[in-house]
Structures are given as C-alpha cells and as structure tokens.
$ cat query-v8.cif   # mmCIF, C-alpha atoms
data_coords
loop_
_atom_site.label_atom_id
_atom_site.label_comp_id
_atom_site.auth_asym_id
_atom_site.auth_seq_id
_atom_site.Cartn_x
_atom_site.Cartn_y
_atom_site.Cartn_z
CA MET A 1 219.57 183.12 5.03
CA LEU A 2 218.85 180.96 8.08
CA ARG A 3 217.63 182.61 11.27
CA ARG A 4 219.41 181.76 14.47
CA PRO A 5 217.29 180.17 17.19
CA GLY A 6 215.58 182.79 19.33
CA ARG A 7 215.85 185.54 16.70
CA GLY A 8 212.66 187.00 15.13
CA LEU A 9 209.20 185.52 15.36
CA GLY A 10 209.87 182.19 13.70
CA SER A 11 207.23 179.93 12.24
CA ALA A 12 206.78 178.11 15.54
CA ARG A 13 205.67 181.30 17.29
CA LEU A 14 203.31 182.51 14.59
CA PRO A 15 200.27 180.44 15.76
CA LEU A 16 200.76 181.75 19.29
CA LEU A 17 200.88 185.32 18.01
CA LEU A 18 197.71 184.82 15.97
CA CYS A 19 196.00 183.29 19.00
CA TRP A 20 197.09 186.24 21.16
CA LEU A 21 195.82 188.72 18.57
CA ARG A 22 192.47 186.94 18.43
CA LEU A 23 192.13 187.18 22.20
CA CYS A 24 192.95 190.88 22.18
CA LEU A 25 190.47 191.63 19.40
CA ALA A 26 187.79 189.68 21.24
CA GLY A 27 188.28 191.73 24.36
CA GLY A 28 190.30 189.08 26.17
CA ALA A 29 187.67 186.32 25.96
CA ALA A 30 188.65 183.13 24.16
CA ALA A 31 186.27 182.03 21.41
CA PRO A 32 183.90 179.38 22.82
CA HIS A 33 183.90 175.75 21.82
CA LEU A 34 180.73 174.98 19.89
CA VAL A 35 179.00 171.60 20.04
CA VAL A 36 175.81 170.90 18.07
CA VAL A 37 174.05 167.61 18.80
CA LEU A 38 171.29 166.83 16.31
CA ALA A 39 168.83 164.05 17.09
CA ASP A 40 166.93 162.39 14.26
CA ASP A 41 163.10 162.24 14.41
CA LEU A 42 162.83 162.92 18.16
CA GLY A 43 159.24 163.67 19.11
CA TRP A 44 157.94 166.50 21.28
CA HIS A 45 156.54 164.08 23.89
CA ASP A 46 159.64 161.87 23.92
CA VAL A 47 161.63 163.77 26.58
CA GLY A 48 161.14 163.92 30.32
CA TRP A 49 160.47 167.62 30.61
CA HIS A 50 157.50 167.33 28.27
CA GLY A 51 155.95 164.65 30.47
CA SER A 52 157.10 161.52 28.67
CA LEU A 53 157.41 158.19 30.45
CA ILE A 54 160.63 157.66 28.48
CA ARG A 55 163.56 158.40 30.77
CA THR A 56 165.92 161.14 29.59
CA PRO A 57 167.84 162.16 32.73
CA GLN A 58 170.87 163.55 30.90
CA LEU A 59 168.83 165.70 28.51
CA ASP A 60 166.54 166.77 31.35
CA ALA A 61 169.48 167.92 33.49
CA LEU A 62 171.24 169.76 30.66
CA GLY A 63 168.04 171.53 29.65
CA ALA A 64 167.16 172.38 33.25
CA GLY A 65 170.58 173.95 33.74
CA GLY A 66 170.42 175.87 30.48
CA VAL A 67 167.66 177.38 28.36
CA ARG A 68 164.89 175.17 27.02
CA LEU A 69 163.52 176.34 23.70
CA GLU A 70 159.75 175.94 23.81
CA ARG A 71 158.92 177.87 20.63
CA TYR A 72 161.64 176.41 18.44
CA TYR A 73 160.95 175.30 14.88
CA THR A 74 162.65 173.02 12.39
CA GLN A 75 161.58 171.72 9.00
CA PRO A 76 159.40 168.58 8.77
CA LEU A 77 162.12 166.50 7.09
CA CYS A 78 165.81 165.61 7.36
CA THR A 79 167.46 167.26 4.36
CA PRO A 80 165.63 170.62 4.57
CA SER A 81 166.41 170.98 8.29
CA ARG A 82 170.06 170.01 7.94
CA SER A 83 170.54 172.31 4.97
CA GLN A 84 169.08 175.26 6.86
CA LEU A 85 171.19 174.50 9.92
CA LEU A 86 174.41 174.65 7.87
CA THR A 87 173.48 177.43 5.39
CA GLY A 88 171.28 179.73 7.47
CA ARG A 89 169.01 179.94 4.42
CA TYR A 90 165.51 178.67 3.64
CA GLN A 91 165.46 175.64 1.36
CA ILE A 92 163.58 177.59 -1.33
CA HIS A 93 166.89 179.38 -1.96
CA THR A 94 168.94 176.19 -2.31
CA GLY A 95 166.64 174.01 -4.41
CA LEU A 96 166.07 171.56 -1.55
CA GLN A 97 162.38 172.23 -0.98
CA HIS A 98 161.20 169.00 -2.65
CA GLN A 99 161.26 166.41 0.15
CA ILE A 100 164.71 164.87 0.86
CA ILE A 101 167.77 163.86 -1.16
CA TRP A 102 167.12 160.24 -2.11
CA PRO A 103 169.92 157.63 -2.46
CA CYS A 104 170.15 157.71 -6.24
CA GLN A 105 169.43 161.42 -6.65
CA PRO A 106 172.25 163.54 -8.16
CA SER A 107 171.81 166.49 -5.82
CA CYS A 108 173.49 168.24 -2.92
CA VAL A 109 173.60 171.60 -1.16
CA PRO A 110 174.72 173.93 -3.97
CA LEU A 111 178.49 174.21 -4.07
CA ASN A 112 178.33 178.00 -4.16
CA GLU A 113 176.70 178.07 -0.71
CA LYS A 114 179.09 178.75 2.16
CA LEU A 115 178.42 176.42 5.06
CA LEU A 116 178.75 176.93 8.80
CA PRO A 117 181.98 174.88 9.17
CA GLU A 118 183.66 176.93 6.44
CA LEU A 119 182.82 180.15 8.25
CA LEU A 120 184.07 178.74 11.55
CA LYS A 121 187.31 177.56 9.96
CA GLU A 122 187.87 181.13 8.80
CA ALA A 123 187.41 182.17 12.44
CA GLY A 124 190.18 179.80 13.52
CA TYR A 125 188.20 176.73 14.55
CA ASP A 126 188.98 173.04 14.27
CA THR A 127 185.87 171.57 12.64
CA HIS A 128 184.69 167.98 12.99
CA MET A 129 181.54 166.13 12.01
CA VAL A 130 180.30 162.76 13.26
CA GLY A 131 177.14 161.01 12.09
CA LYS A 132 174.48 161.57 9.45
CA TRP A 133 175.20 163.90 6.51
CA HIS A 134 172.18 163.59 4.15
CA LEU A 135 173.09 166.71 2.18
CA GLY A 136 174.20 164.97 -1.02
CA MET A 137 177.11 162.82 -2.10
CA TYR A 138 176.84 162.32 -5.86
CA ARG A 139 180.23 163.99 -6.39
CA LYS A 140 183.23 164.44 -4.12
CA GLU A 141 182.78 168.19 -3.91
CA CYS A 142 179.51 167.57 -2.04
CA LEU A 143 181.13 165.59 0.77
CA PRO A 144 181.59 167.00 4.30
CA THR A 145 185.38 167.21 4.02
CA HIS A 146 184.94 169.44 0.96
CA ARG A 147 182.40 171.65 2.74
CA GLY A 148 184.48 172.90 5.65
CA PHE A 149 184.94 169.93 7.98
CA ASP A 150 188.49 168.92 8.87
CA THR A 151 187.31 165.38 9.61
CA TYR A 152 184.19 163.36 9.00
CA PHE A 153 183.03 160.00 10.34
CA GLY A 154 179.56 158.72 9.62
CA TYR A 155 177.08 157.87 6.87
CA LEU A 156 175.99 159.91 3.88
CA LEU A 157 172.40 158.83 3.23
CA GLY A 158 169.24 159.30 5.27
CA SER A 159 168.96 155.97 7.08
CA GLU A 160 170.55 152.56 7.37
CA ASP A 161 170.93 149.52 9.60
CA TYR A 162 172.28 150.50 13.06
CA TYR A 163 174.55 147.44 13.22
CA SER A 164 175.63 146.51 9.69
CA HIS A 165 175.64 150.17 8.52
CA GLU A 166 174.23 149.06 5.19
CA ARG A 167 171.52 150.78 3.19
CA CYS A 168 169.29 148.72 0.92
CA VAL A 169 167.58 150.36 -2.05
CA PHE A 170 165.13 148.96 -4.58
CA ILE A 171 166.36 149.65 -8.14
CA SER A 172 163.31 149.64 -10.39
CA ALA A 173 165.31 149.34 -13.62
CA LYS A 174 166.71 146.02 -12.40
CA ASN A 175 163.63 145.02 -10.40
CA ALA A 176 165.96 144.12 -7.57
CA THR A 177 167.09 145.34 -4.17
CA ARG A 178 170.76 146.12 -3.65
CA CYS A 179 172.50 146.71 -0.31
CA ALA A 180 175.77 148.56 0.24
CA LEU A 181 177.89 149.74 3.15
CA ASP A 182 177.36 153.43 3.83
CA PHE A 183 180.02 154.24 6.41
CA ARG A 184 182.85 156.71 5.87
CA ASP A 185 185.96 157.84 7.66
CA GLY A 186 186.82 160.97 5.75
CA GLU A 187 186.25 159.97 2.14
CA GLU A 188 187.26 156.35 2.62
CA VAL A 189 184.92 153.45 3.34
CA ALA A 190 185.07 152.66 7.06
CA VAL A 191 185.29 148.93 7.72
CA GLY A 192 185.57 146.98 10.96
CA PHE A 193 182.43 148.42 12.57
CA GLY A 194 180.04 145.60 11.74
CA ASN A 195 177.72 144.54 14.57
CA MET A 196 178.58 147.75 16.47
CA TYR A 197 175.60 149.94 17.33
CA SER A 198 175.96 153.28 15.58
CA THR A 199 175.10 155.49 18.57
CA ASN A 200 177.93 153.91 20.56
CA VAL A 201 180.35 154.15 17.64
CA PHE A 202 179.55 157.81 17.01
CA THR A 203 179.77 158.67 20.70
CA LYS A 204 183.20 157.08 20.98
CA ARG A 205 184.47 159.04 17.98
CA ALA A 206 183.07 162.29 19.43
CA VAL A 207 184.70 161.61 22.80
CA ASP A 208 188.02 160.82 21.08
CA LEU A 209 187.87 164.12 19.18
CA ILE A 210 187.26 165.99 22.42
CA ALA A 211 190.05 164.14 24.22
CA ASN A 212 192.57 164.85 21.45
CA HIS A 213 191.60 168.47 20.85
CA LYS A 214 194.37 171.04 21.20
CA THR A 215 192.85 173.55 23.57
CA GLU A 216 194.65 176.58 22.12
CA LYS A 217 192.19 176.42 19.20
CA PRO A 218 188.41 176.51 19.57
CA LEU A 219 186.49 173.37 18.65
CA PHE A 220 183.39 172.99 16.49
CA LEU A 221 181.85 169.53 16.80
CA TYR A 222 178.71 168.64 14.85
CA LEU A 223 177.35 165.33 16.17
CA ALA A 224 174.39 164.23 14.02
CA LEU A 225 173.17 161.06 15.69
CA GLN A 226 171.32 158.32 13.85
CA SER A 227 168.99 157.96 16.84
CA VAL A 228 166.03 157.75 16.81
CA HIS A 229 165.30 157.31 13.10
CA GLU A 230 163.96 154.01 11.84
CA PRO A 231 164.77 151.11 11.63
CA LEU A 232 163.76 150.47 15.24
CA GLN A 233 166.88 148.76 16.55
CA VAL A 234 168.50 148.96 19.98
CA PRO A 235 170.44 146.68 22.36
CA GLY A 236 167.97 144.69 24.45
CA LYS A 237 169.05 146.05 27.83
CA TYR A 238 167.78 149.51 26.92
CA MET A 239 164.26 148.16 26.38
CA LYS A 240 164.03 146.34 29.72
CA PRO A 241 162.93 149.44 31.70
CA TYR A 242 160.01 149.79 29.27
CA ALA A 243 158.45 146.35 29.60
CA PHE A 244 155.25 148.13 30.66
CA ILE A 245 154.89 149.61 27.13
CA LYS A 246 152.62 147.24 25.22
CA ASP A 247 153.18 148.67 21.75
CA GLU A 248 156.29 146.98 20.33
CA LYS A 249 157.33 149.93 18.18
CA ARG A 250 156.99 152.34 21.07
CA ARG A 251 158.98 150.01 23.33
CA HIS A 252 161.86 149.78 20.87
CA TYR A 253 161.71 153.52 20.28
CA ALA A 254 161.87 154.21 24.03
CA GLY A 255 165.05 152.16 24.28
CA MET A 256 166.54 154.10 21.38
CA VAL A 257 165.78 157.40 23.12
CA SER A 258 167.44 156.11 26.29
CA ILE A 259 170.70 155.17 24.58
CA MET A 260 170.71 158.53 22.81
CA ASP A 261 170.25 160.25 26.17
CA GLU A 262 173.20 158.26 27.53
CA ALA A 263 175.30 159.29 24.52
CA VAL A 264 174.68 163.00 25.09
CA GLY A 265 175.62 162.52 28.74
CA ASN A 266 178.88 160.81 27.75
CA VAL A 267 179.81 163.63 25.36
CA THR A 268 179.07 166.26 28.01
CA ALA A 269 181.12 164.32 30.58
CA ALA A 270 184.05 164.24 28.13
CA LEU A 271 183.86 168.02 27.65
CA LYS A 272 184.11 168.42 31.43
CA ARG A 273 186.78 165.77 31.88
CA TYR A 274 189.10 167.31 29.32
CA GLY A 275 188.65 170.90 30.46
CA LEU A 276 186.51 172.28 27.63
CA TRP A 277 183.10 172.59 29.26
CA ASP A 278 183.56 175.93 31.03
CA ASN A 279 183.99 177.59 27.63
CA THR A 280 181.51 175.53 25.62
CA VAL A 281 178.12 176.29 24.11
CA LEU A 282 176.17 173.07 23.53
CA ILE A 283 173.06 173.08 21.35
CA PHE A 284 170.70 170.11 21.32
CA SER A 285 168.05 169.91 18.62
CA THR A 286 165.90 167.46 16.76
CA ASP A 287 165.80 167.73 12.97
CA ASN A 288 161.99 167.42 12.83
CA GLY A 289 159.04 166.09 14.77
CA GLY A 290 158.65 162.46 15.74
CA GLN A 291 157.50 159.77 13.31
CA THR A 292 154.36 158.51 15.02
CA LEU A 293 154.19 155.56 12.61
CA GLY A 294 157.57 154.46 13.97
CA GLY A 295 157.09 154.80 17.73
CA GLY A 296 157.40 158.58 18.14
CA ASN A 297 154.97 160.78 20.05
CA ASN A 298 154.33 164.50 19.57
CA TRP A 299 151.41 164.90 21.99
CA PRO A 300 149.73 167.36 22.48
CA LEU A 301 150.83 168.64 19.09
CA ARG A 302 149.00 167.57 15.96
CA GLY A 303 150.83 165.77 13.17
CA ARG A 304 154.15 164.04 12.69
CA LYS A 305 157.29 164.07 10.62
CA TRP A 306 156.56 164.88 6.95
CA THR A 307 153.68 167.20 7.91
CA LEU A 308 153.50 170.96 8.41
CA TRP A 309 151.37 170.57 11.53
CA GLU A 310 153.06 171.59 14.78
CA GLY A 311 153.96 167.97 15.47
CA GLY A 312 156.09 167.93 12.33
CA VAL A 313 157.90 171.24 12.68
CA ARG A 314 157.98 172.24 16.35
CA GLY A 315 161.21 170.86 17.66
CA VAL A 316 162.70 169.68 20.93
CA GLY A 317 165.72 171.85 21.68
CA PHE A 318 167.81 173.55 24.35
CA VAL A 319 171.09 175.37 24.85
CA ALA A 320 173.40 174.42 27.73
CA SER A 321 176.48 176.44 28.62
CA PRO A 322 178.25 178.07 31.58
CA LEU A 323 178.45 181.14 29.31
CA LEU A 324 174.69 181.76 29.41
CA LYS A 325 173.73 184.87 31.36
CA GLN A 326 170.43 183.27 32.32
CA ARG A 327 170.09 179.59 33.13
CA GLY A 328 167.39 177.29 34.35
CA VAL A 329 164.71 179.02 32.29
CA GLU A 330 162.39 178.39 29.37
CA SER A 331 162.38 180.56 26.28
CA HIS A 332 159.07 181.06 24.48
CA GLU A 333 160.58 183.36 21.88
CA LEU A 334 160.37 182.39 18.20
CA ILE A 335 163.55 180.62 17.05
CA HIS A 336 164.17 178.63 13.86
CA ILE A 337 166.84 176.11 12.90
CA SER A 338 168.22 178.56 10.30
CA ASP A 339 169.13 180.92 13.15
CA TRP A 340 172.03 178.78 14.36
CA LEU A 341 174.45 179.80 11.61
CA PRO A 342 174.49 183.57 12.28
CA THR A 343 174.27 182.95 16.02
CA LEU A 344 177.27 180.62 16.15
CA VAL A 345 179.41 182.56 13.69
CA ASN A 346 178.91 185.76 15.67
CA LEU A 347 179.70 183.92 18.91
CA ALA A 348 182.89 182.68 17.27
CA GLY A 349 183.95 186.19 16.31
CA GLY A 350 183.59 185.31 12.64
CA HIS A 351 181.99 187.09 9.71
CA ILE A 352 179.00 186.32 7.52
CA ASN A 353 179.93 188.86 4.84
CA SER A 354 180.86 186.09 2.39
CA THR A 355 177.53 184.26 2.55
CA LYS A 356 174.50 184.75 0.37
CA PRO A 357 171.64 186.69 2.04
CA LEU A 358 170.68 184.83 5.20
CA ASP A 359 167.20 183.98 6.44
CA GLY A 360 168.47 183.23 9.94
CA PHE A 361 168.92 185.71 12.79
CA ASP A 362 171.47 186.00 15.58
CA VAL A 363 169.41 184.87 18.59
CA TRP A 364 172.16 184.65 21.22
CA LYS A 365 170.83 187.58 23.27
CA THR A 366 167.36 186.07 23.05
CA ILE A 367 168.65 182.80 24.49
CA SER A 368 171.32 184.07 26.88
CA GLU A 369 169.68 187.24 28.18
CA GLY A 370 165.98 186.76 27.52
CA SER A 371 165.76 189.58 24.98
CA PRO A 372 162.90 189.55 22.47
CA SER A 373 163.59 187.46 19.39
CA PRO A 374 164.53 189.42 16.27
CA ARG A 375 162.48 186.87 14.34
CA LYS A 376 158.83 187.80 13.81
CA GLU A 377 157.88 185.09 11.32
CA LEU A 378 159.26 182.04 9.59
CA LEU A 379 158.71 180.31 6.28
CA HIS A 380 157.95 176.60 6.34
CA ASN A 381 158.16 176.14 2.58
CA ILE A 382 157.03 177.25 -0.87
CA ASP A 383 156.64 174.32 -3.23
CA PRO A 384 153.61 174.15 -5.56
CA MET A 385 155.17 171.08 -7.23
CA PHE A 386 155.12 168.99 -4.06
CA VAL A 387 152.36 166.39 -3.66
CA ASP A 388 152.44 164.97 -0.13
CA THR A 389 150.43 161.75 0.05
CA SER A 390 152.05 160.61 3.30
CA PRO A 391 149.31 161.76 5.72
CA CYS A 392 146.61 159.90 3.74
CA PRO A 393 148.31 157.30 1.53
CA GLN A 394 145.09 155.63 0.33
CA LYS A 395 144.57 155.38 -3.39
CA GLY A 396 142.82 158.36 -4.92
CA ASN A 397 144.15 161.07 -2.59
CA GLU A 398 146.71 162.30 -5.10
CA ASP A 399 144.17 164.53 -6.85
CA PHE A 400 143.01 165.98 -3.55
CA PHE A 401 146.50 167.03 -2.49
CA THR A 402 147.40 168.33 -5.94
CA GLY A 403 144.19 170.36 -5.97
CA THR A 404 144.95 171.79 -2.56
CA MET A 405 148.34 173.01 -3.73
CA ARG A 406 146.78 174.59 -6.81
CA GLN A 407 144.21 176.44 -4.70
CA ARG A 408 146.91 177.84 -2.48
CA LYS A 409 148.93 178.93 -5.47
CA ARG A 410 145.95 180.93 -6.72
CA GLY A 411 145.51 182.49 -3.29
CA ASP A 412 142.24 180.67 -2.48
CA THR A 413 142.68 179.63 1.15
CA ASN A 414 139.08 178.51 1.77
#

$ encode --input "query-v8.cif" --output "structure tokens"
Amino acid sequence: MLRRPGRGLGSARLPLLLCWLRLCLAGGAAAPHLVVVLADDLGWHDVGWHGSLIRTPQLDALGAGGVRLERYYTQPLCTPSRSQLLTGRYQIHTGLQHQIIWPCQPSCVPLNEKLLPELLKEAGYDTHMVGKWHLGMYRKECLPTHRGFDTYFGYLLGSEDYYSHERCVFISAKNATRCALDFRDGEEVAVGFGNMYSTNVFTKRAVDLIANHKTEKPLFLYLALQSVHEPLQVPGKYMKPYAFIKDEKRRHYAGMVSIMDEAVGNVTAALKRYGLWDNTVLIFSTDNGGQTLGGGNNWPLRGRKWTLWEGGVRGVGFVASPLLKQRGVESHELIHISDWLPTLVNLAGGHINSTKPLDGFDVWKTISEGSPSPRKELLHNIDPMFVDTSPCPQKGNEDFFTGTMRQRKRGDTN
C-alpha cells in the first residue's frame, strides 16, 4: 500500500532522523570531521619548528596553533607504520614485521583485521582515501575500496615516478626491467594524469572531496602524500629559494618539502572555505624518519629511515583543531602511530568492540587537555628472521647482523 505524501516517516526522512538521534546520543555535539595527512619519509630536521632552513610556513602555523607532538613515534618503514595507523595493532600481530610489502609479494593486511575506515563507516562517516596505499594489492579484497573506503584515488605500491606515475621493477626470472602505470581511481586504472606532479594531483582530489562533501555526514579523509619519498623530483620553481644548498639531493628534497607544505595549506584552506574547519580534527604525521641518503635530515637524532635509532622512528607530527582544549603547546607525552585508531574512533562516537585486541591507546585527553599519556612503553618490533644490511651494506656484514639478532634472541644484550 502506497503512503500518501506527508504521512509517516518516509524513506526520505530516515537519514535526518538517524542524524538527529546521533546528535542526541552524543550530547548535542556533531561528530567531528577527521583528516589525517601522512607525509612520506619526512625527517625530524626538515620542518621549520625544528630549526630547518627548509621553509614550512603552513605546517609551522598549523602546529603552532595546535599541539606539536615532540615524543611521537612511528615505525622505521612505510608498510609497518601504515598498517599500525589503520589497524591500531603492532605489526607482529599482522605478519607485517618483515620490512615492507614489495611489488611482486602476495601479501596484504590480513583480511580478518578491521581497519579504521570500516569502524568510521559504522559510525556514520563518509570515508575517502587519496594517495599511497602500500598495504597490499595482490587480490581485490586487499584494495582500499574493499577495506572501508568509499572512494580511493592514488597508487598501490611504495614508490613511483612523480610525473609518469609508473613503477619500474627488475624481474630476475626474465633478467629485465618492466615498468607499469600504478595509478588508480577506485579499482580502475587512472589515465590522463601523465606529466602531472602527484602532490598537485592528490591535493586537487582532496580539495574536490572537501568541496563536494555533504555536511550532514561527518567526513574522514586520509591523505597519504607521495612527498617526500624518492625519487627526488619537483617542479623547478620550488628549488629556486634553495639555491644556497650545495648538495643537489638536499636541494631537490627541500623543494619537495616546500610543495608538500603548500599542499597541506591548500587542504586546510579548503576545509575553512567550505565550512568544515570549525568541527575538524586534523592530524599531520610522517610515516617514518627521513632518508638521509636521499636528502633527508634527522639532526640531532641518530639514524635514518630503515633503522631503529631515534632518527628512524621518532616522527614529526602535530594535531590542529578548533576542538582542542589546549592550543599553542608542545606535548612531550609518549604517543605512537598505533594510537590513532582508538583515538579517532572514540572521537567519532564509534566502537572498537569488533576489532582484535588493540595495541594503541586513546590519547585524545593527552593531546587536547595535557593529561598524562596512558602509554608507558611501545614495541618497535620483534623479528629474529630480519637481517638489516642497510646501515652497513658492505660485503661481509650479513654475518654480523645475523649474529646480533641471534644474541638478542638468546637474551644476551652485551
């Protein structure tokens, strides 16, 4: 039997009713928009507030008006950090403790792990991802649009050309190098972006998502920029302010940091322009320390990406939001990249009951109010199978590193 117009709830009114119920249950406060911007390989000494000569005015201003995280830790590599960000669990629990997921490796975040975007969707969020995935793609079920994201635009592997968006891989069985386009819009190959710098392309997509967002639903935007991972490529005008830098790698890298800084500023401006900023929590984080062999600088911290020294795992990060109870401060409380999942889900009014046991903690009060961190320790990794020759790649060091791992496994720390 057909309902007459104006009688009963009607399907058109049901979303409004659900929205109203959510507001009532949350005490009248609308769930915040959540924006996570993840830089790639950004070094500790590569931002203005840590004394760098590289200019980062947008990041400096956002951090100065929010909470800078000065005792914030990531993992030393891409895949482990990104997996912990989206699962809230140490990589020893997901089988991702052995370096990264390589191009031809049939691996991904286990399909029985519930990811952050899935939990936020359950809380009523629109979920979008732009940029680098690097959490596996050997089967469709591993792709971002099967792991909780409504839309995805970016690349699936760990690195590629900033302009052609191709990744070249040496195939030992064929003794040949093969190159292929790694650019996706959803699950389809994205064409028509050749000779367009990825940071600009990703920023435009992020701004378009913000502009087209329906404000009655909260937004989750995960922007995983390619910057400043190698290869060292950037439009020439961004290097001109750094003519005084003699080292060519460092000069290119500085330009790449500058265009990334500009991108974050453009995304923030869009949030303000389209009326979302006043109810937004923005998190900025690197995925690991800087690659000093590729222009990065982690001074005064020892080490680099790939290492467990502070320079590899202590990350640049801050939270910016009008919703913070304290702003313009530094936090020296212990925070880890795995803490973002429980923190954001609780902020969203969601539930973590359906996840496996988490290693992350809700650190919102630590950040927003200055309360002590609930985290007292963190685990970098457990992996007796891993032989890391990257700090000392000379021939003959393999036995030394293998021996070191064996000593640690036996408990001999001398």

$ resolve_selection --input "query-v8.cif" --expression "the PyMOL selection byres ((chain A and resi 307) around 10)" --output "PyMOL selection string"
chain A and resi 75-77+288-289+291+302-306+308-313+388+390-391

$ closest_atom_pairs --input "query-v8.cif" --of "range 51-117 of chain A" --to "range 337-347 of chain A" --cutoff "6 Å" --atoms "all atoms listed in the file" --output "JSON lines"
{"residue": "A:Thr74", "atom": "CA", "partner": "A:Ile337", "partner_atom": "CA", "distance": 5.2}
{"residue": "A:Gln84", "atom": "CA", "partner": "A:Ser338", "partner_atom": "CA", "distance": 4.8}
{"residue": "A:Leu85", "atom": "CA", "partner": "A:Ser338", "partner_atom": "CA", "distance": 5.0}
{"residue": "A:Gly88", "atom": "CA", "partner": "A:Ser338", "partner_atom": "CA", "distance": 4.3}
{"residue": "A:Leu116", "atom": "CA", "partner": "A:Leu341", "partner_atom": "CA", "distance": 5.9}

$ resolve_selection --input "query-v8.cif" --expression "the PyMOL selection byres ((chain A and resi 184-198) around 7)" --output "JSON, numbers by chain"
{"A": [145, 151, 152, 153, 154, 155, 162, 163, 164, 182, 183, 199, 200, 201, 202]}

$ closest_residue --input "query-v8.cif" --among "A:Asn298, A:Thr355, A:Ser373, A:Gln58" --to "Ile335 in chain A" --atoms "only C-alpha atoms"
A:Ser373

$ residues_around --input "query-v8.cif" --residues "Asn212 in chain A" --least-positions-apart "4" --cutoff "9 Å" --atoms "all atoms listed in the file" --output "list in words"
Val207, Asp208 and Tyr274 of chain A

$ residues_around --input "query-v8.cif" --residues "Pro32 in chain A" --least-positions-apart "5" --cutoff "7 Å" --atoms "only C-alpha atoms" --output "ChimeraX atom specification"
/A:218,279-281,348

$ resolve_selection --input "query-v8.cif" --expression "the PyMOL selection byres ((chain A and resi 235) around 9)" --output "compact mmCIF listing (two decimals) with C-alpha atoms, keeping the file's coordinate frame"
# COMPACT_ATOMS: atom_id res chain seq x y z
CA TYR A 197 175.60 149.94 17.33
CA GLN A 233 166.88 148.76 16.55
CA VAL A 234 168.50 148.96 19.98
CA GLY A 236 167.97 144.69 24.45
CA LYS A 237 169.05 146.05 27.83
CA TYR A 238 167.78 149.51 26.92
CA MET A 239 164.26 148.16 26.38
CA GLY A 255 165.05 152.16 24.28
CA MET A 256 166.54 154.10 21.38
CA ILE A 259 170.70 155.17 24.58

$ residues_around --input "query-v8.cif" --residues "Gln91 in chain A" --least-positions-apart "4" --cutoff "12 Å" --atoms "all atoms listed in the file" --output "PyMOL selection string"
chain A and resi 74-87+95-100+108-110+113+135+337-338+358-360+379-383

$ residues_around --input "query-v8.cif" --residues "Leu232 in chain A" --least-positions-apart "6" --cutoff "9 Å" --atoms "only C-alpha atoms" --output "list of chain:residue names"
A:Tyr162, A:Lys249, A:His252, A:Tyr253, A:Met256, A:Gly294, A:Gly295

$ closest_atom_pairs --input "query-v8.cif" --of "range 197-277 of chain A" --to "range 314-321 of chain A" --cutoff "12 Å" --atoms "all atoms listed in the file" --output "CSV"
residue,atom,partner,partner_atom,distance
A:Val264,CA,A:Ala320,CA,11.8
A:Thr268,CA,A:Ala320,CA,9.9
A:Leu271,CA,A:Ser321,CA,11.2
A:Lys272,CA,A:Ser321,CA,11.4
A:Leu276,CA,A:Ser321,CA,10.9
A:Trp277,CA,A:Ser321,CA,7.7

$ atom_distance --input "query-v8.cif" --atom1 "CA of Ile352 in chain A" --atom2 "CA of Leu119 in chain A"
7.3 Å

$ decode --input "query-v8.cif" --residues "range 60-73 of chain A" --atoms "N, CA and C atoms" --output "PDB file, in the first residue's frame"
ATOM      1  N   ASP A  60      54.238  25.019  10.013  1.00  0.00           N
ATOM      2  CA  ASP A  60      54.627  25.747  11.222  1.00  0.00           C
ATOM      3  C   ASP A  60      53.416  26.396  11.879  1.00  0.00           C
ATOM      4  N   ALA A  61      52.578  27.057  11.057  1.00  0.00           N
ATOM      5  CA  ALA A  61      51.421  27.779  11.602  1.00  0.00           C
ATOM      6  C   ALA A  61      50.387  26.814  12.177  1.00  0.00           C
ATOM      7  N   LEU A  62      50.125  25.716  11.468  1.00  0.00           N
ATOM      8  CA  LEU A  62      49.155  24.743  11.973  1.00  0.00           C
ATOM      9  C   LEU A  62      49.633  24.129  13.286  1.00  0.00           C
ATOM     10  N   GLY A  63      50.907  23.752  13.330  1.00  0.00           N
ATOM     11  CA  GLY A  63      51.444  23.179  14.555  1.00  0.00           C
ATOM     12  C   GLY A  63      51.449  24.171  15.700  1.00  0.00           C
ATOM     13  N   ALA A  64      51.802  25.433  15.400  1.00  0.00           N
ATOM     14  CA  ALA A  64      51.855  26.460  16.439  1.00  0.00           C
ATOM     15  C   ALA A  64      50.476  26.753  17.010  1.00  0.00           C
ATOM     16  N   GLY A  65      49.437  26.582  16.194  1.00  0.00           N
ATOM     17  CA  GLY A  65      48.078  26.824  16.663  1.00  0.00           C
ATOM     18  C   GLY A  65      47.401  25.587  17.218  1.00  0.00           C
ATOM     19  N   GLY A  66      48.123  24.482  17.234  1.00  0.00           N
ATOM     20  CA  GLY A  66      47.561  23.228  17.737  1.00  0.00           C
ATOM     21  C   GLY A  66      48.437  22.647  18.823  1.00  0.00           C
ATOM     22  N   VAL A  67      48.709  21.352  18.708  1.00  0.00           N
ATOM     23  CA  VAL A  67      49.578  20.662  19.669  1.00  0.00           C
ATOM     24  C   VAL A  67      50.656  19.924  18.890  1.00  0.00           C
ATOM     25  N   ARG A  68      51.905  20.327  19.084  1.00  0.00           N
ATOM     26  CA  ARG A  68      53.020  19.649  18.447  1.00  0.00           C
ATOM     27  C   ARG A  68      53.424  18.445  19.283  1.00  0.00           C
ATOM     28  N   LEU A  69      53.608  17.329  18.621  1.00  0.00           N
ATOM     29  CA  LEU A  69      53.902  16.072  19.298  1.00  0.00           C
ATOM     30  C   LEU A  69      55.407  15.831  19.251  1.00  0.00           C
ATOM     31  N   GLU A  70      56.082  16.075  20.366  1.00  0.00           N
ATOM     32  CA  GLU A  70      57.537  16.022  20.393  1.00  0.00           C
ATOM     33  C   GLU A  70      58.085  14.701  20.921  1.00  0.00           C
ATOM     34  N   ARG A  71      57.200  13.813  21.338  1.00  0.00           N
ATOM     35  CA  ARG A  71      57.630  12.469  21.746  1.00  0.00           C
ATOM     36  C   ARG A  71      56.719  11.453  21.069  1.00  0.00           C
ATOM     37  N   TYR A  72      56.644  11.601  19.767  1.00  0.00           N
ATOM     38  CA  TYR A  72      55.731  10.813  18.925  1.00  0.00           C
ATOM     39  C   TYR A  72      56.555   9.835  18.096  1.00  0.00           C
ATOM     40  N   TYR A  73      56.111   8.577  18.069  1.00  0.00           N
ATOM     41  CA  TYR A  73      56.879   7.531  17.409  1.00  0.00           C
ATOM     42  C   TYR A  73      56.075   6.833  16.315  1.00  0.00           C
TER      43      TYR A  73
END
